[in-house]
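Here is structure-v6.csv, consisting of CSV, C-alpha atoms and all ligand atoms:
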```csv
chain,number,residue,atom,x,y,z
J,1,MET,CA,-82.5,85.1,98.3
J,2,ASN,CA,-82.0,81.7,96.7
J,3,THR,CA,-84.7,79.4,98.2
J,4,HIS,CA,-83.0,76.3,96.6
J,5,LEU,CA,-79.8,77.0,98.6
J,6,LYS,CA,-80.1,74.2,101.0
J,7,GLU,CA,-81.3,71.5,98.7
J,8,THR,CA,-78.6,68.7,98.6
J,9,VAL,CA,-78.1,67.1,95.3
J,10,LEU,CA,-76.9,63.6,94.5
J,11,ILE,CA,-75.4,63.3,91.0
J,12,THR,CA,-74.3,60.0,89.4
J,13,GLY,CA,-71.6,60.2,86.7
J,14,ALA,CA,-70.3,63.5,88.1
J,15,SER,CA,-66.6,62.9,87.4
J,16,SER,CA,-66.8,63.9,83.8
J,17,GLY,CA,-68.9,65.2,80.9
J,18,ILE,CA,-72.5,66.3,81.5
J,19,GLY,CA,-72.5,65.1,85.1
J,20,TYR,CA,-69.4,67.1,86.0
J,21,GLU,CA,-71.0,70.3,84.5
J,22,LEU,CA,-74.2,69.6,86.3
J,23,GLY,CA,-72.2,69.4,89.5
J,24,ARG,CA,-70.6,72.7,88.7
J,25,GLU,CA,-73.9,74.3,87.9
J,26,PHE,CA,-75.5,73.2,91.2
J,27,ALA,CA,-72.4,74.2,93.2
J,28,GLN,CA,-72.5,77.7,91.5
J,29,HIS,CA,-76.1,78.0,92.8
J,30,GLY,CA,-75.0,77.1,96.4
J,31,HIS,CA,-76.1,73.5,96.6
J,32,ASP,CA,-74.2,70.9,98.6
J,33,LEU,CA,-73.4,67.8,96.6
J,34,VAL,CA,-73.0,64.1,96.8
J,35,ILE,CA,-71.2,63.0,93.7
J,36,VAL,CA,-70.9,59.4,92.5
J,37,ALA,CA,-68.6,57.7,90.0
J,38,ALA,CA,-66.7,54.5,89.6
J,39,ILE,CA,-63.1,55.6,89.3
J,40,GLN,CA,-61.8,57.0,92.6
J,41,PRO,CA,-58.9,59.5,91.7
J,42,GLU,CA,-61.0,61.5,89.2
J,43,LEU,CA,-64.0,61.7,91.6
J,44,LEU,CA,-61.9,62.8,94.5
J,45,ASP,CA,-60.2,65.4,92.3
J,46,VAL,CA,-63.6,66.8,91.2
J,47,ALA,CA,-64.9,66.8,94.8
J,48,SER,CA,-62.0,69.0,96.0
J,49,ARG,CA,-62.1,71.3,93.0
J,50,LEU,CA,-65.8,72.0,93.3
J,51,SER,CA,-65.7,72.6,97.1
J,52,ALA,CA,-62.6,74.8,96.8
J,53,GLU,CA,-64.1,76.8,93.9
J,54,TYR,CA,-67.7,77.3,95.1
J,55,GLY,CA,-67.4,76.9,98.9
J,56,VAL,CA,-70.1,74.1,99.1
J,57,SER,CA,-69.8,70.7,100.8
J,58,VAL,CA,-69.1,67.9,98.3
J,59,LYS,CA,-69.2,64.3,99.4
J,60,PRO,CA,-67.7,61.8,96.9
J,61,ILE,CA,-69.0,58.2,96.9
J,62,VAL,CA,-67.1,55.7,94.8
J,63,ALA,CA,-69.5,53.1,93.5
J,64,ASP,CA,-69.8,50.9,90.4
J,65,LEU,CA,-73.4,51.4,89.5
J,66,ARG,CA,-73.5,48.2,87.4
J,67,SER,CA,-73.6,46.4,90.8
J,68,GLU,CA,-77.1,45.6,92.1
J,69,LEU,CA,-75.8,46.5,95.6
J,70,ALA,CA,-74.6,50.0,94.6
J,71,ALA,CA,-77.8,51.9,95.2
J,72,ASP,CA,-78.3,50.4,98.7
J,73,ASP,CA,-74.7,51.1,99.6
J,74,ILE,CA,-75.0,54.7,98.4
J,75,TYR,CA,-78.2,55.2,100.3
J,76,ALA,CA,-76.6,53.8,103.5
J,77,GLU,CA,-73.5,56.0,103.1
J,78,VAL,CA,-75.6,59.1,102.6
J,79,ALA,CA,-77.8,58.3,105.7
J,80,ALA,CA,-74.7,57.5,107.8
J,81,SER,CA,-73.3,61.0,106.9
J,82,GLY,CA,-76.5,62.6,108.2
J,83,LEU,CA,-77.3,64.0,104.8
J,84,SER,CA,-80.7,64.2,103.2
J,85,VAL,CA,-81.0,64.3,99.4
J,86,GLN,CA,-83.7,66.6,98.0
J,87,ILE,CA,-82.5,66.4,94.3
J,88,LEU,CA,-81.5,63.1,92.6
J,89,VAL,CA,-79.7,63.3,89.3
J,90,ASN,CA,-79.6,59.9,87.5
J,91,ASN,CA,-77.0,60.8,84.9
J,92,ALA,CA,-74.3,58.1,84.6
J,93,GLY,CA,-74.5,56.1,81.4
J,94,LEU,CA,-72.5,54.6,78.5
J,95,GLY,CA,-73.0,53.4,75.0
J,96,ARG,CA,-71.5,50.7,72.9
J,97,ARG,CA,-71.1,50.9,69.1
J,98,GLY,CA,-71.3,47.8,66.9
J,99,ARG,CA,-73.7,45.3,65.5
J,100,PHE,CA,-75.7,43.5,68.2
J,101,TRP,CA,-73.9,40.2,67.6
J,102,GLU,CA,-70.5,41.8,67.7
J,103,ILE,CA,-70.9,43.1,71.3
J,104,SER,CA,-70.6,40.6,74.2
J,105,LEU,CA,-73.6,39.7,76.3
J,106,GLU,CA,-71.7,40.9,79.4
J,107,ASP,CA,-71.1,44.4,77.8
J,108,ASP,CA,-74.8,44.7,76.9
J,109,ILE,CA,-76.0,43.6,80.3
J,110,SER,CA,-73.6,45.9,82.1
J,111,MET,CA,-74.9,48.8,80.0
J,112,ILE,CA,-78.5,47.9,80.8
J,113,ARG,CA,-77.5,47.7,84.5
J,114,LEU,CA,-75.9,51.2,84.4
J,115,ASN,CA,-78.3,53.0,82.1
J,116,ILE,CA,-81.6,51.5,83.4
J,117,GLU,CA,-81.3,49.6,86.6
J,118,ALA,CA,-79.1,52.0,88.6
J,119,GLY,CA,-81.5,54.9,88.1
J,120,VAL,CA,-84.5,52.7,89.0
J,121,ARG,CA,-82.8,51.4,92.2
J,122,LEU,CA,-81.6,54.9,93.3
J,123,THR,CA,-85.0,56.4,92.7
J,124,LYS,CA,-86.7,53.6,94.7
J,125,ARG,CA,-84.4,54.4,97.6
J,126,PHE,CA,-84.5,58.3,97.6
J,127,LEU,CA,-88.0,59.0,96.4
J,128,PRO,CA,-90.0,57.9,99.6
J,129,ALA,CA,-88.4,60.6,101.8
J,130,MET,CA,-89.1,63.2,99.1
J,131,LEU,CA,-92.7,62.1,99.0
J,132,SER,CA,-93.1,62.2,102.8
J,133,ASN,CA,-91.6,65.7,102.9
J,134,ARG,CA,-93.6,66.8,99.8
J,135,ARG,CA,-90.4,68.2,98.5
J,136,GLY,CA,-88.0,66.9,95.9
J,137,ARG,CA,-86.7,66.9,92.3
J,138,ILE,CA,-85.4,64.2,90.0
J,139,LEU,CA,-83.4,64.7,86.8
J,140,ASN,CA,-82.9,61.7,84.6
J,141,THR,CA,-80.5,62.0,81.7
J,142,ALA,CA,-81.9,60.3,78.6
J,143,THR,CA,-81.1,61.4,75.0
J,144,VAL,CA,-83.0,62.2,71.8
J,145,ALA,CA,-81.6,58.7,70.8
J,146,GLY,CA,-84.3,57.3,73.1
J,147,PHE,CA,-87.0,58.5,70.7
J,148,GLU,CA,-85.7,56.3,67.8
J,149,PRO,CA,-84.2,52.9,67.1
J,150,GLY,CA,-80.5,53.0,66.5
J,151,PRO,CA,-78.8,50.3,64.5
J,152,MET,CA,-75.1,50.0,65.5
J,153,GLN,CA,-76.2,51.2,69.0
J,154,ALA,CA,-79.3,49.0,69.3
J,155,VAL,CA,-79.1,48.3,73.1
J,156,TYR,CA,-78.0,51.8,73.9
J,157,HIS,CA,-81.0,53.4,72.1
J,158,ALA,CA,-83.3,50.8,73.8
J,159,THR,CA,-82.0,51.6,77.3
J,160,LYS,CA,-82.7,55.3,76.7
J,161,ALA,CA,-86.2,54.5,75.4
J,162,PHE,CA,-86.8,52.9,78.7
J,163,VAL,CA,-85.5,55.9,80.6
J,164,LEU,CA,-87.8,58.2,78.6
J,165,SER,CA,-90.9,56.1,79.0
J,166,TRP,CA,-90.3,55.4,82.7
J,167,SER,CA,-89.6,59.2,83.3
J,168,GLU,CA,-92.8,60.3,81.5
J,169,SER,CA,-94.9,57.9,83.5
J,170,LEU,CA,-93.3,58.7,86.8
J,171,ALA,CA,-93.6,62.5,86.1
J,172,THR,CA,-97.4,62.0,85.7
J,173,GLU,CA,-97.7,59.9,88.8
J,174,LEU,CA,-95.8,62.6,90.8
J,175,GLU,CA,-98.2,65.4,89.9
J,176,ASN,CA,-99.5,67.1,93.1
J,177,THR,CA,-97.0,65.3,95.3
J,178,GLY,CA,-94.5,68.2,95.7
J,179,VAL,CA,-91.9,66.1,93.8
J,180,THR,CA,-91.1,66.8,90.1
J,181,LEU,CA,-89.3,64.8,87.5
J,182,THR,CA,-87.5,66.3,84.5
J,183,VAL,CA,-86.0,64.1,81.7
J,184,LEU,CA,-83.0,65.6,79.9
J,185,CYS,CA,-82.6,64.7,76.3
J,186,PRO,CA,-79.4,66.1,74.8
J,187,GLU,CA,-78.4,65.2,71.2
J,188,LEU,CA,-74.7,65.4,71.1
J,189,ALA,CA,-72.4,66.7,73.9
J,190,ASP,CA,-68.6,67.1,73.6
J,191,THR,CA,-67.7,64.6,76.4
J,192,GLU,CA,-65.6,61.5,76.7
J,193,PHE,CA,-68.6,59.4,75.7
J,194,PHE,CA,-67.6,59.0,72.1
J,195,GLU,CA,-64.1,58.0,72.9
J,196,LYS,CA,-65.3,55.4,75.4
J,197,ASP,CA,-67.8,53.9,72.9
J,198,ASP,CA,-65.6,54.1,69.9
J,199,ARG,CA,-67.6,56.7,68.0
J,200,VAL,CA,-65.1,59.5,67.5
J,201,ASP,CA,-64.7,58.7,63.8
J,202,THR,CA,-68.4,58.4,63.0
J,203,ARG,CA,-70.6,61.0,61.4
J,204,VAL,CA,-72.3,61.7,64.8
J,205,PRO,CA,-69.5,63.8,66.5
J,206,GLN,CA,-67.9,64.8,63.2
J,207,GLU,CA,-70.9,66.2,61.4
J,208,GLY,CA,-73.6,66.5,64.1
J,209,ASP,CA,-74.7,69.5,66.0
J,210,VAL,CA,-72.4,69.0,69.0
J,211,MET,CA,-73.2,71.2,72.1
J,212,ALA,CA,-70.9,72.0,75.0
J,213,GLN,CA,-71.9,70.2,78.2
J,214,GLN,CA,-71.7,73.6,80.1
J,215,GLU,CA,-74.7,74.8,78.0
J,216,ILE,CA,-76.6,71.6,78.5
J,217,ALA,CA,-76.1,71.7,82.2
J,218,ALA,CA,-77.2,75.3,82.5
J,219,THR,CA,-80.4,74.7,80.6
J,220,ALA,CA,-81.0,71.5,82.5
J,221,TYR,CA,-80.7,73.3,85.8
J,222,ALA,CA,-83.2,75.9,84.8
J,223,ALA,CA,-85.7,73.3,83.5
J,224,LEU,CA,-85.3,71.2,86.7
J,225,MET,CA,-85.9,74.2,89.0
J,226,LYS,CA,-89.0,75.2,87.0
J,227,GLY,CA,-90.3,71.6,87.3
J,228,GLU,CA,-90.4,71.1,83.5
J,229,ARG,CA,-91.1,67.5,82.4
J,230,MET,CA,-88.7,67.3,79.5
J,231,LEU,CA,-85.8,69.3,78.1
J,232,VAL,CA,-84.3,68.8,74.6
J,233,PRO,CA,-81.5,71.4,74.7
J,234,GLY,CA,-81.0,73.5,71.6
J,235,ALA,CA,-83.9,75.0,69.5
J,236,LEU,CA,-82.9,73.3,66.3
J,237,THR,CA,-82.3,69.9,67.9
J,238,ASN,CA,-85.7,70.2,69.6
J,239,ALA,CA,-87.5,71.0,66.4
J,240,LEU,CA,-85.7,68.3,64.4
J,241,SER,CA,-86.2,65.6,67.1
J,242,PHE,CA,-89.9,66.4,67.2
J,243,SER,CA,-90.3,66.2,63.5
J,244,ARG,CA,-88.4,63.0,63.2
J,245,ARG,CA,-90.8,61.4,65.7
J,246,LEU,CA,-93.5,61.7,62.9
J,247,MET,CA,-91.4,59.4,60.6
J,248,PRO,CA,-92.0,55.6,60.5
J,249,GLU,CA,-89.6,53.8,62.8
J,250,SER,CA,-88.1,51.8,59.9
J,251,LEU,CA,-87.0,55.1,58.3
J,252,GLN,CA,-85.6,56.5,61.6
J,253,ALA,CA,-83.6,53.2,61.9
J,254,LYS,CA,-82.1,53.5,58.4
J,255,MET,CA,-81.2,57.2,59.0
J,256,ASN,CA,-79.5,56.3,62.3
J,257,GLU,CA,-77.5,53.4,60.8
J,258,LYS,CA,-75.9,56.0,58.4
J,259,VAL,CA,-75.0,58.4,61.2
J,260,TYR,CA,-73.2,55.7,63.1
J,261,ALA,CA,-71.1,54.8,60.0
J,262,GLU,CA,-67.3,55.7,60.1
J,263,THR,CA,-66.1,58.8,58.1
J,264,ASP,CA,-62.9,59.5,56.3
J,265,PRO,CA,-60.3,60.6,59.0
J,266,ALA,CA,-58.9,63.1,56.4
J,267,ALA,CA,-62.2,64.9,56.4
J,268,HIS,CA,-62.5,65.2,60.2
J,269,LYS,CA,-63.3,68.7,61.4
J,270,ARG,CA,-63.3,68.1,65.1
J,271,GLU,CA,-61.2,66.6,67.8
J,272,PRO,CA,-62.8,65.5,71.1
J,273,GLY,CA,-62.9,68.4,73.5
J,274,ASP,CA,-62.9,71.2,70.9
J,275,VAL,CA,-66.4,72.4,71.6
J,276,ARG,CA,-66.0,72.2,75.3
J,277,ALA,CA,-62.7,74.1,75.3
J,278,ALA,CA,-64.1,76.8,73.0
J,279,THR,CA,-67.1,77.3,75.3
J,280,GLU,CA,-64.9,77.4,78.4
J,281,GLU,CA,-62.7,80.1,76.7
J,282,HIS,CA,-65.8,82.1,75.7
J,283,LEU,CA,-67.2,81.9,79.3
J,284,GLU,CA,-63.8,83.1,80.7
J,285,ILE,CA,-63.8,86.1,78.4
J,286,VAL,CA,-67.4,87.0,79.3
J,287,VAL,CA,-66.6,86.7,83.1
J,288,LYS,CA,-63.5,88.9,82.8
J,289,SER,CA,-65.1,91.6,80.6
Y,301,LIG,N1,-72.2,62.8,75.2
Y,301,LIG,C1,-73.3,62.8,74.5
Y,301,LIG,O1,-73.4,63.1,73.3
Y,301,LIG,C2,-74.6,62.4,75.1
Y,301,LIG,C3,-75.8,62.7,74.4
Y,301,LIG,C4,-77.0,62.4,75.0
Y,301,LIG,C5,-77.1,61.8,76.3
Y,301,LIG,N2,-75.9,61.5,76.9
Y,301,LIG,C6,-76.0,60.8,78.2
Y,301,LIG,O2,-75.4,61.7,79.2
Y,301,LIG,C7,-75.0,60.9,80.3
Y,301,LIG,C8,-73.6,61.3,80.7
Y,301,LIG,O3,-72.7,61.0,79.6
Y,301,LIG,P1,-71.5,61.9,79.2
Y,301,LIG,O4,-71.6,62.2,77.8
Y,301,LIG,O5,-71.3,63.0,80.2
Y,301,LIG,O6,-70.3,60.8,79.4
Y,301,LIG,P2,-68.9,60.7,80.1
Y,301,LIG,O7,-68.2,62.0,80.0
Y,301,LIG,O8,-68.3,59.4,79.7
Y,301,LIG,O9,-69.4,60.6,81.7
Y,301,LIG,C9,-69.9,59.4,82.2
Y,301,LIG,C10,-70.0,59.4,83.7
Y,301,LIG,O10,-70.6,58.2,84.2
Y,301,LIG,C11,-69.8,57.6,85.1
Y,301,LIG,N3,-69.9,56.1,85.0
Y,301,LIG,C12,-69.7,55.3,83.9
Y,301,LIG,N4,-69.8,54.1,84.3
Y,301,LIG,C13,-70.0,54.0,85.6
Y,301,LIG,C14,-70.3,53.0,86.6
Y,301,LIG,N5,-70.2,51.7,86.2
Y,301,LIG,N6,-70.5,53.3,87.9
Y,301,LIG,C15,-70.5,54.6,88.2
Y,301,LIG,N7,-70.3,55.7,87.4
Y,301,LIG,C16,-70.1,55.4,86.1
Y,301,LIG,C17,-68.3,58.0,84.7
Y,301,LIG,O11,-67.5,57.9,85.8
Y,301,LIG,P3,-66.2,56.8,85.7
Y,301,LIG,O12,-65.3,57.4,84.7
Y,301,LIG,O13,-65.7,56.8,87.2
Y,301,LIG,O14,-66.7,55.5,85.3
Y,301,LIG,C18,-68.6,59.5,84.3
Y,301,LIG,O15,-68.6,60.3,85.5
Y,301,LIG,C19,-75.1,59.4,79.9
Y,301,LIG,O16,-76.3,58.9,80.5
Y,301,LIG,C20,-75.3,59.5,78.4
Y,301,LIG,O17,-76.1,58.4,77.8
Y,301,LIG,C21,-74.7,61.8,76.4
```
Can you turn what I pasted into structure tokens?
Ligand SMILES: NC(=O)c1ccc[n+]([C@@H]2O[C@H](COP(=O)([O-])OP(=O)(O)OC[C@H]3O[C@@H](n4cnc5c(N)ncnc54)[C@H](OP(=O)(O)O)[C@@H]3O)[C@@H](O)[C@H]2O)c1
Amino acid sequence: MNTHLKETVLITGASSGIGYELGREFAQHGHDLVIVAAIQPELLDVASRLSAEYGVSVKPIVADLRSELAADDIYAEVAASGLSVQILVNNAGLGRRGRFWEISLEDDISMIRLNIEAGVRLTKRFLPAMLSNRRGRILNTATVAGFEPGPMQAVYHATKAFVLSWSESLATELENTGVTLTVLCPELADTEFFEKDDRVDTRVPQEGDVMAQQEIAATAYAALMKGERMLVPGALTNALSFSRRLMPESLQAKMNEKVYAETDPAAHKREPGDVRAATEEHLEIVVKS
């Protein structure tokens, strides 16, 4: 019997990409969901698809997590529904490509609000009940980019460095409380992320080791349920990201500046969605056979 069956999960950024696949993964394992995103039609569509496909209850909450009121509003809406959240997934995030002085202050601040502040606020709200019940799990989505400075993505890398440092510290404070924290550090996932932050033409998605978000979500679920502190999905990514941490930060910065450079469109080998679609097809073949 699945002992995690009745743990209700709140996932931010669940309308697309890694968050959507995490929702699917939790639903497949019988968890009821509260899913959060900013754009209503997509979120409502995901909620009805997941509940129809997996027979779990899915409550959508539309919220702009850049607002400092969002976490309180979400908490109040969850409480008013009589739900209690045992698993919190702070996943919503975005990046912005460009030199620091080319990006507006408003865009940088809204990224900081979404990538850092929203997770801190939601955790402040949902953690106390987990601690009183001595039962709970938190999954924070960071990235391997958080280990290194990233020219052309300077503020994005810094926001994820915050998520990593905060997560590692909190995971230690939580030892022996019955609550665990896992920080997820993917390298590249085939989501809408690169289209949104104008990186489709850069070396990162064109030449990098892009993973399907379905695989990332499956390994993240397993790591969270085992109470692991950190997951870098993919054996090669894990080894490379570990060895790169031994380099001086100035060298890491120079290397990353190159990977965010644009490439020749004629040499492109991937379109957004290719890796995700190929994995979906493979999974369908495996399920049918
Ligand atoms: N893709 C990668 O290569 C990669 C690698 C490492 C880490 N990550 C991290 O993974 C996380 C998910 O990214 P993804 O690649 O899955 O991107 P994605 O496909 O663009 O999904 C982002 C999700 O966040 C939600 N979101 C964005 N702004 C929001 C706001 N203001 N309020 C509420 N929700 C908001 C989006 O919903 P709306 O459309 O409604 O705004 C969407 O559901 C991010 O934290 C990202 O930094 C991504």
request  = One decimal, Å: what's the distance from atom CA of Arg99 of chain J over to atom CA of Met111 of chain J, could you say?
outcome  =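 Calculated distance between atom CA of Arg99 of chain J and atom CA of Met111 of chain J is 15.0 Å.
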Find the residues near ligand LIG 301 (chain Y). Use a cut-off of 7 Å, count all atoms listed in the file, and write them as a PDB file with C-alpha atoms, keeping the file's coordinate frame.
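Generated output (out.pdb):
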```
ATOM      1  CA  THR J  12     -74.300  60.000  89.400  1.00  0.00           C
ATOM      2  CA  GLY J  13     -71.600  60.200  86.700  1.00  0.00           C
ATOM      3  CA  ALA J  14     -70.300  63.500  88.100  1.00  0.00           C
ATOM      4  CA  SER J  15     -66.600  62.900  87.400  1.00  0.00           C
ATOM      5  CA  SER J  16     -66.800  63.900  83.800  1.00  0.00           C
ATOM      6  CA  GLY J  17     -68.900  65.200  80.900  1.00  0.00           C
ATOM      7  CA  ILE J  18     -72.500  66.300  81.500  1.00  0.00           C
ATOM      8  CA  GLY J  19     -72.500  65.100  85.100  1.00  0.00           C
ATOM      9  CA  TYR J  20     -69.400  67.100  86.000  1.00  0.00           C
ATOM     10  CA  VAL J  36     -70.900  59.400  92.500  1.00  0.00           C
ATOM     11  CA  ALA J  37     -68.600  57.700  90.000  1.00  0.00           C
ATOM     12  CA  ALA J  38     -66.700  54.500  89.600  1.00  0.00           C
ATOM     13  CA  ILE J  39     -63.100  55.600  89.300  1.00  0.00           C
ATOM     14  CA  GLN J  40     -61.800  57.000  92.600  1.00  0.00           C
ATOM     15  CA  GLU J  42     -61.000  61.500  89.200  1.00  0.00           C
ATOM     16  CA  LEU J  43     -64.000  61.700  91.600  1.00  0.00           C
ATOM     17  CA  ALA J  63     -69.500  53.100  93.500  1.00  0.00           C
ATOM     18  CA  ASP J  64     -69.800  50.900  90.400  1.00  0.00           C
ATOM     19  CA  LEU J  65     -73.400  51.400  89.500  1.00  0.00           C
ATOM     20  CA  ARG J  66     -73.500  48.200  87.400  1.00  0.00           C
ATOM     21  CA  ASN J  91     -77.000  60.800  84.900  1.00  0.00           C
ATOM     22  CA  ALA J  92     -74.300  58.100  84.600  1.00  0.00           C
ATOM     23  CA  GLY J  93     -74.500  56.100  81.400  1.00  0.00           C
ATOM     24  CA  LEU J  94     -72.500  54.600  78.500  1.00  0.00           C
ATOM     25  CA  GLY J  95     -73.000  53.400  75.000  1.00  0.00           C
ATOM     26  CA  LEU J 114     -75.900  51.200  84.400  1.00  0.00           C
ATOM     27  CA  ASN J 115     -78.300  53.000  82.100  1.00  0.00           C
ATOM     28  CA  THR J 141     -80.500  62.000  81.700  1.00  0.00           C
ATOM     29  CA  ALA J 142     -81.900  60.300  78.600  1.00  0.00           C
ATOM     30  CA  THR J 143     -81.100  61.400  75.000  1.00  0.00           C
ATOM     31  CA  VAL J 144     -83.000  62.200  71.800  1.00  0.00           C
ATOM     32  CA  CYS J 185     -82.600  64.700  76.300  1.00  0.00           C
ATOM     33  CA  PRO J 186     -79.400  66.100  74.800  1.00  0.00           C
ATOM     34  CA  GLU J 187     -78.400  65.200  71.200  1.00  0.00           C
ATOM     35  CA  LEU J 188     -74.700  65.400  71.100  1.00  0.00           C
ATOM     36  CA  ALA J 189     -72.400  66.700  73.900  1.00  0.00           C
ATOM     37  CA  ASP J 190     -68.600  67.100  73.600  1.00  0.00           C
ATOM     38  CA  THR J 191     -67.700  64.600  76.400  1.00  0.00           C
ATOM     39  CA  GLU J 192     -65.600  61.500  76.700  1.00  0.00           C
ATOM     40  CA  PHE J 193     -68.600  59.400  75.700  1.00  0.00           C
ATOM     41  CA  PHE J 194     -67.600  59.000  72.100  1.00  0.00           C
ATOM     42  CA  LYS J 196     -65.300  55.400  75.400  1.00  0.00           C
TER      43      LYS J 196
END
```
ask   = Residues around (-66.8, 64.2, 59.2), cut-off 12 Å, counting all atoms listed in the file - what are they as a ChimeraX atom specification?
value = /J:199-209,259-271
ask   = Using all atoms listed in the file, which residue out of J:Leu164, J:Met211, J:Leu170, J:Ala235 lies closest to Val275 of chain J?
value =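 Result for the nearest residue to Val275 of chain J: J:Met211.
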task = Just give me the gap between atom CA of Ala80 of chain J and atom CA of Lys59 of chain J in Å, one decimal is fine.
result = 12.1 Å
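Of the listed residues J:Gly98, J:Gly234, J:Gly119, J:Gly30, the one whose atoms come nearest to Ser167 of chain J is J:Gly119, with distances taken using only C-alpha atoms.
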ask   = Of the residues J:Ile61, J:Ile35, J:Val183, J:Ala222, which is the one nearest to Ala76 of chain J, using all atoms listed in the file?
value = J:Ile61
inquiry  = At a cut-off of 9 Å, using all atoms listed in the file, what residues contact Ile116 of chain J? Leave out same-chain residues fewer than 5 positions from it and give the result as number ranges by chain.
reply    = J: 93, 111, 121, 159-160, 162-163
Residues just named, written with C-alpha atoms as an mmCIF file, keeping the file's coordinate frame:
```cif
data_model
loop_
_atom_site.group_PDB
_atom_site.id
_atom_site.type_symbol
_atom_site.label_atom_id
_atom_site.label_comp_id
_atom_site.auth_asym_id
_atom_site.auth_seq_id
_atom_site.Cartn_x
_atom_site.Cartn_y
_atom_site.Cartn_z
ATOM 1 C CA GLY J 93 -74.500 56.100 81.400
ATOM 2 C CA MET J 111 -74.900 48.800 80.000
ATOM 3 C CA ARG J 121 -82.800 51.400 92.200
ATOM 4 C CA THR J 159 -82.000 51.600 77.300
ATOM 5 C CA LYS J 160 -82.700 55.300 76.700
ATOM 6 C CA PHE J 162 -86.800 52.900 78.700
ATOM 7 C CA VAL J 163 -85.500 55.900 80.600
#
```
Please provide the set of residues having any atom within 6 Å of Thr182 of chain J, restricted to all atoms listed in the file, with same-chain residues fewer than 4 positions apart removed, written as a CSV table (one decimal) with C-alpha atoms, in the frame of the given file.
```
chain,number,residue,atom,x,y,z
J,139,LEU,CA,-83.4,64.7,86.8
J,224,LEU,CA,-85.3,71.2,86.7
J,228,GLU,CA,-90.4,71.1,83.5
J,229,ARG,CA,-91.1,67.5,82.4
J,230,MET,CA,-88.7,67.3,79.5
```
inquiry  = Rounded to one decimal, what separation in Å do you get between atom CA of Phe100 of chain J and atom CA of Leu251 of chain J?
reply    =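 Distance between the two atoms: 19.0 Å.
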message = Give me the residues near Pro151 of chain J as number ranges by chain, where near means some atom within 7 Å (using all atoms listed in the file) and where sequence neighbours in that chain fewer than 6 positions away do not count.
response = J: 253, 256-257
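Restricting the calculation to all atoms listed in the file, the smallest distance between Val85 of chain J and any of J:Asp108, J:Asp73, J:Glu173, J:Asp32 is found for J:Asp32.
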message = as a PyMOL selection string, please: the residues near Arg24 of chain J (cut-off 12 Å, only C-alpha atoms, same-chain neighbours under 3 positions excluded).
response = chain J and resi 9+11+14-21+27-33+35+46-56+58+213-218+221
Could you take the residues named above and write them with C-alpha atoms, as a JSON list (two decimals), in the coordinates of the input?
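Okay, this is what ended up in out-v1.json:
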```json
[["chain", "number", "residue", "atom", "x", "y", "z"],
["J", 9, "VAL", "CA", -78.10, 67.10, 95.30],
["J", 11, "ILE", "CA", -75.40, 63.30, 91.00],
["J", 14, "ALA", "CA", -70.30, 63.50, 88.10],
["J", 15, "SER", "CA", -66.60, 62.90, 87.40],
["J", 16, "SER", "CA", -66.80, 63.90, 83.80],
["J", 17, "GLY", "CA", -68.90, 65.20, 80.90],
["J", 18, "ILE", "CA", -72.50, 66.30, 81.50],
["J", 19, "GLY", "CA", -72.50, 65.10, 85.10],
["J", 20, "TYR", "CA", -69.40, 67.10, 86.00],
["J", 21, "GLU", "CA", -71.00, 70.30, 84.50],
["J", 27, "ALA", "CA", -72.40, 74.20, 93.20],
["J", 28, "GLN", "CA", -72.50, 77.70, 91.50],
["J", 29, "HIS", "CA", -76.10, 78.00, 92.80],
["J", 30, "GLY", "CA", -75.00, 77.10, 96.40],
["J", 31, "HIS", "CA", -76.10, 73.50, 96.60],
["J", 32, "ASP", "CA", -74.20, 70.90, 98.60],
["J", 33, "LEU", "CA", -73.40, 67.80, 96.60],
["J", 35, "ILE", "CA", -71.20, 63.00, 93.70],
["J", 46, "VAL", "CA", -63.60, 66.80, 91.20],
["J", 47, "ALA", "CA", -64.90, 66.80, 94.80],
["J", 48, "SER", "CA", -62.00, 69.00, 96.00],
["J", 49, "ARG", "CA", -62.10, 71.30, 93.00],
["J", 50, "LEU", "CA", -65.80, 72.00, 93.30],
["J", 51, "SER", "CA", -65.70, 72.60, 97.10],
["J", 52, "ALA", "CA", -62.60, 74.80, 96.80],
["J", 53, "GLU", "CA", -64.10, 76.80, 93.90],
["J", 54, "TYR", "CA", -67.70, 77.30, 95.10],
["J", 55, "GLY", "CA", -67.40, 76.90, 98.90],
["J", 56, "VAL", "CA", -70.10, 74.10, 99.10],
["J", 58, "VAL", "CA", -69.10, 67.90, 98.30],
["J", 213, "GLN", "CA", -71.90, 70.20, 78.20],
["J", 214, "GLN", "CA", -71.70, 73.60, 80.10],
["J", 215, "GLU", "CA", -74.70, 74.80, 78.00],
["J", 216, "ILE", "CA", -76.60, 71.60, 78.50],
["J", 217, "ALA", "CA", -76.10, 71.70, 82.20],
["J", 218, "ALA", "CA", -77.20, 75.30, 82.50],
["J", 221, "TYR", "CA", -80.70, 73.30, 85.80]]
```
request  = Find, counting all atoms listed in the file, the residue in J:Gly146, J:Gly82, J:Gly23, J:Gly178 that gets nearest to Val232 of chain J.
outcome  =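 Nearest candidate to Val232 of chain J out of J:Gly146, J:Gly82, J:Gly23, J:Gly178: J:Gly146.
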task = Return the single residue from J:Leu22, J:Leu246, J:Ala239, J:Leu127 that is closest to Gln86 of chain J, with distances computed using all atoms listed in the file.
result =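 Smallest separation from Gln86 of chain J among the options: J:Leu127.
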